[in-house]
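Data block below; observations after.
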Amino acid sequence: MAKVKIGVVVGSNRRDSINRKLAQALAGLGEDRLAFHFVSIEDLPLYNQDLEAELPQSFKSEIVAADAVLFVTPEHNRSIPAVLKNAIDWGARPYGQNSWSGKPAAITGTSPGALGTAVAQLHLRQVLGTLGALVMGGEAYISFKPGLLDSNGTIADETTRGFLKAFVDQFAALVTRSSFAREAAA
Ligand SMILES: Cc1cc2nc3c(=O)[nH]c(=O)nc-3n(C[C@H](O)[C@H](O)[C@H](O)COP(=O)(O)O)c2cc1C
């Protein structure tokens, strides 16, 4: 059976993004069951309604092709980074072609701070909920401490690895159920 396709959206355009590292580690925890595809958002133009005729089609089609989307985001000033909001706005347009609607999604993120992107994730949950995405319940706020990842990029801390494995397992169960339901309805 073909693996369920997960589009991974990292809310950072920073070269050494800790969120991209976390996203890669998460993909490693689920790649036996899920096919992860990293969707690039850093080169999208700044959203402008005047430019909708030149919609970034490749980004849009990558979101449409994904059975579900995993968001791994930093927190900027207690909200989501502008680069991520920009991508979400493009994905929601043009009017009547909101690519987030009905899309299963999961949210996590990491920052060096103690709150581990909690506030940004709550904002993101609100935005995606408004757009009709089916956002998985639960919370995964990850504080990025030295030694969290090993030199191979896998999660070295055993407790965190177990917690994030459960998060990926929950997402895999959600997206597999949603895919079966879609196929049954087709
Ligand atoms: C503009 C800006 C605002 C930030 N605001 C927050 C914040 O509100 N909360 C937080 O925990 N970290 C904040 N940080 C620190 C980020 O957590 C840190 O830069 C982190 O490495 C960003 O993730 P990334 O490496 O994946 O880009 C901020 C960083 C920048 C550049």
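Just remember, in the structure tokens the first chain shown is A, the second B, etc., residues are 1-based per chain, and ligands are 1-based in the order shown.
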Test item: residues lying within 10 Å of ligand 1 with only C-alpha atoms and all ligand atoms, as a PyMOL selection string: chain A and resi 10-23+72-82+109-120+142-144
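For A:Ala92, the list of residues within 12 Å, based on only C-alpha atoms and with local chain neighbours fewer than 4 positions off taken out, reads Tyr47, Gln49, Glu52, Leu55, Pro56, Phe59, Lys60, Ile63, Val64, Lys85, Asn86, Ala87, Ile88, Gly96, Gln97, Asn98, Ser99, Trp100, Ser101, Gly102, Lys103, Val127, Leu128, Thr130, Leu131, Gly132 and Ala133 of chain A.
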Selection above as a file: N, CA and C atoms, as a compact mmCIF listing (two decimals), in the first residue's frame:
# COMPACT_ATOMS: atom_id res chain seq x y z
N TYR A 47 2.73 38.08 0.01
CA TYR A 47 1.35 38.02 -0.48
C TYR A 47 0.81 39.43 -0.79
N GLN A 49 -2.80 40.83 -2.92
CA GLN A 49 -3.99 40.41 -3.67
C GLN A 49 -3.87 40.79 -5.16
N GLU A 52 -2.54 37.87 -7.37
CA GLU A 52 -3.16 36.53 -7.32
C GLU A 52 -3.17 35.83 -8.67
N LEU A 55 -0.28 33.47 -8.95
CA LEU A 55 -0.21 32.60 -7.77
C LEU A 55 0.95 31.60 -7.89
N PRO A 56 1.74 31.41 -6.82
CA PRO A 56 2.83 30.42 -6.90
C PRO A 56 2.25 29.00 -7.00
N PHE A 59 3.89 25.78 -5.23
CA PHE A 59 3.60 25.69 -3.79
C PHE A 59 2.18 25.18 -3.58
N LYS A 60 1.26 25.79 -4.29
CA LYS A 60 -0.16 25.44 -4.14
C LYS A 60 -0.36 23.95 -4.47
N ILE A 63 0.79 21.58 -1.73
CA ILE A 63 -0.16 21.50 -0.61
C ILE A 63 -1.36 20.64 -1.01
N VAL A 64 -1.86 20.86 -2.21
CA VAL A 64 -3.02 20.08 -2.68
C VAL A 64 -2.67 18.59 -2.72
N LYS A 85 3.05 32.86 7.91
CA LYS A 85 1.73 33.46 7.66
C LYS A 85 1.57 33.76 6.17
N ASN A 86 2.67 34.21 5.55
CA ASN A 86 2.66 34.49 4.11
C ASN A 86 2.28 33.23 3.32
N ALA A 87 2.89 32.10 3.67
CA ALA A 87 2.61 30.84 2.97
C ALA A 87 1.14 30.43 3.19
N ILE A 88 0.67 30.59 4.41
CA ILE A 88 -0.71 30.20 4.70
C ILE A 88 -1.67 31.07 3.89
N GLY A 96 -12.30 30.89 -2.83
CA GLY A 96 -12.96 29.68 -3.34
C GLY A 96 -11.99 28.53 -3.58
N GLN A 97 -10.69 28.78 -3.46
CA GLN A 97 -9.70 27.70 -3.67
C GLN A 97 -8.76 27.60 -2.47
N ASN A 98 -9.37 27.53 -1.30
CA ASN A 98 -8.60 27.41 -0.05
C ASN A 98 -8.05 26.00 0.07
N SER A 99 -6.74 25.86 -0.07
CA SER A 99 -6.13 24.52 -0.07
C SER A 99 -5.99 23.92 1.33
N TRP A 100 -6.27 24.69 2.35
CA TRP A 100 -6.14 24.16 3.72
C TRP A 100 -7.43 23.48 4.19
N SER A 101 -8.52 23.82 3.53
CA SER A 101 -9.83 23.34 3.99
C SER A 101 -9.91 21.81 3.94
N GLY A 102 -10.27 21.21 5.07
CA GLY A 102 -10.42 19.75 5.14
C GLY A 102 -9.09 19.00 5.23
N LYS A 103 -7.99 19.72 5.28
CA LYS A 103 -6.67 19.08 5.28
C LYS A 103 -6.29 18.69 6.72
N VAL A 127 -5.56 30.09 13.32
CA VAL A 127 -5.59 30.45 11.89
C VAL A 127 -6.02 29.24 11.06
N LEU A 128 -5.39 28.08 11.32
CA LEU A 128 -5.72 26.89 10.52
C LEU A 128 -7.14 26.43 10.77
N THR A 130 -9.65 28.36 11.47
CA THR A 130 -10.49 29.30 10.72
C THR A 130 -10.55 28.90 9.25
N LEU A 131 -9.42 28.39 8.74
CA LEU A 131 -9.36 28.00 7.32
C LEU A 131 -9.94 26.61 7.07
N GLY A 132 -10.38 25.93 8.13
CA GLY A 132 -11.04 24.63 7.94
C GLY A 132 -10.11 23.44 7.92
N ALA A 133 -8.84 23.65 8.32
CA ALA A 133 -7.95 22.48 8.44
C ALA A 133 -8.40 21.65 9.64
I need the residues of stretch 103-180 of chain A that end up classed as alpha helix (DSSP H) by DSSP on the backbone, written out as an mmCIF file with C-alpha atoms, in the first residue's frame.
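Full text of out25.cif as output:
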data_model
loop_
_atom_site.group_PDB
_atom_site.id
_atom_site.type_symbol
_atom_site.label_atom_id
_atom_site.label_comp_id
_atom_site.auth_asym_id
_atom_site.auth_seq_id
_atom_site.Cartn_x
_atom_site.Cartn_y
_atom_site.Cartn_z
ATOM 1 C CA ALA A 118 3.403 27.464 22.815
ATOM 2 C CA VAL A 119 1.997 30.896 21.997
ATOM 3 C CA ALA A 120 2.876 30.689 18.293
ATOM 4 C CA GLN A 121 1.324 27.243 18.078
ATOM 5 C CA LEU A 122 -1.910 28.498 19.629
ATOM 6 C CA HIS A 123 -2.042 31.312 17.064
ATOM 7 C CA LEU A 124 -1.364 28.835 14.265
ATOM 8 C CA ARG A 125 -4.100 26.518 15.554
ATOM 9 C CA GLN A 126 -6.531 29.425 15.454
ATOM 10 C CA VAL A 127 -5.592 30.450 11.888
ATOM 11 C CA LEU A 128 -5.716 26.886 10.520
ATOM 12 C CA GLY A 129 -8.993 26.212 12.322
ATOM 13 C CA THR A 130 -10.490 29.299 10.718
ATOM 14 C CA GLU A 158 14.989 9.471 25.438
ATOM 15 C CA THR A 159 11.998 11.100 27.120
ATOM 16 C CA THR A 160 11.568 13.637 24.321
ATOM 17 C CA ARG A 161 12.000 10.932 21.691
ATOM 18 C CA GLY A 162 9.225 8.846 23.303
ATOM 19 C CA PHE A 163 6.958 11.883 23.524
ATOM 20 C CA LEU A 164 7.544 12.856 19.881
ATOM 21 C CA LYS A 165 7.185 9.264 18.679
ATOM 22 C CA ALA A 166 3.724 9.231 20.309
ATOM 23 C CA PHE A 167 2.959 12.550 18.562
ATOM 24 C CA VAL A 168 3.970 11.121 15.152
ATOM 25 C CA ASP A 169 2.033 7.889 15.855
ATOM 26 C CA GLN A 170 -1.088 9.901 16.691
ATOM 27 C CA PHE A 171 -0.700 11.899 13.460
ATOM 28 C CA ALA A 172 -0.135 8.722 11.420
ATOM 29 C CA ALA A 173 -3.349 7.236 12.839
ATOM 30 C CA LEU A 174 -5.288 10.438 12.082
ATOM 31 C CA VAL A 175 -4.094 10.766 8.492
ATOM 32 C CA THR A 176 -4.515 7.066 7.746
ATOM 33 C CA ARG A 177 -8.123 7.221 8.987
ATOM 34 C CA SER A 178 -8.764 10.380 6.945
ATOM 35 C CA SER A 179 -7.274 8.813 3.790
ATOM 36 C CA PHE A 180 -9.424 5.681 4.166
#
Distance query A:Gln57 at most 12 Å, only C-alpha atoms, self and fewer than 4 positions along chain excluded, as a ChimeraX atom specification: /A:44-45,52-53,61-65,90-91,93-94,99
Spatial neighbours of A:Asp32, 12 Å, only C-alpha atoms, chain gap at least 3 places, as a PyMOL selection string: chain A and resi 2-4+26-29+35-36+168-169+172
Could you turn the residues from that selection into a file that holds N, CA and C atoms, as a short mmCIF file (atom, residue, chain, number, x, y, z; two decimals), in the first residue's frame?
data_model
loop_
_atom_site.label_atom_id
_atom_site.label_comp_id
_atom_site.auth_asym_id
_atom_site.auth_seq_id
_atom_site.Cartn_x
_atom_site.Cartn_y
_atom_site.Cartn_z
N ALA A 2 0.51 2.24 -0.83
CA ALA A 2 1.31 3.47 -0.90
C ALA A 2 1.27 4.19 0.44
N LYS A 3 2.39 4.81 0.78
CA LYS A 3 2.44 5.56 2.03
C LYS A 3 1.62 6.83 1.91
N VAL A 4 1.03 7.24 3.02
CA VAL A 4 0.30 8.51 3.06
C VAL A 4 1.31 9.65 2.90
N LEU A 26 11.58 14.39 13.19
CA LEU A 26 10.22 13.85 13.24
C LEU A 26 9.95 12.95 12.04
N ALA A 27 10.43 13.41 10.87
CA ALA A 27 10.25 12.59 9.66
C ALA A 27 10.93 11.23 9.87
N GLY A 28 12.08 11.26 10.51
CA GLY A 28 12.79 10.00 10.78
C GLY A 28 11.99 9.07 11.68
N LEU A 29 11.18 9.64 12.56
CA LEU A 29 10.38 8.80 13.47
C LEU A 29 9.17 8.17 12.78
N ALA A 35 5.18 9.14 3.97
CA ALA A 35 6.14 9.71 3.00
C ALA A 35 6.18 11.22 3.22
N PHE A 36 7.29 11.72 3.73
CA PHE A 36 7.41 13.15 4.06
C PHE A 36 8.00 13.91 2.88
N VAL A 168 3.96 11.57 16.55
CA VAL A 168 3.97 11.12 15.15
C VAL A 168 3.00 9.95 14.97
N ASP A 169 2.96 9.03 15.94
CA ASP A 169 2.03 7.89 15.85
C ASP A 169 0.58 8.37 15.82
N ALA A 172 -0.03 9.80 12.42
CA ALA A 172 -0.13 8.72 11.42
C ALA A 172 -1.52 8.08 11.49
#
Residues flagged strand (DSSP E or B) by DSSP in chain A, as a ChimeraX atom specification: /A:4-10,34-39,68-72,76,79,104-111,134-135,141-143,149,155
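Across the structure, atom CA of A:Asp67 and atom CA of A:Lys5 are spaced 5.2 Å apart.
Atom CA of A:Ala68 lies 5.1 Å from atom CA of A:Ile6.
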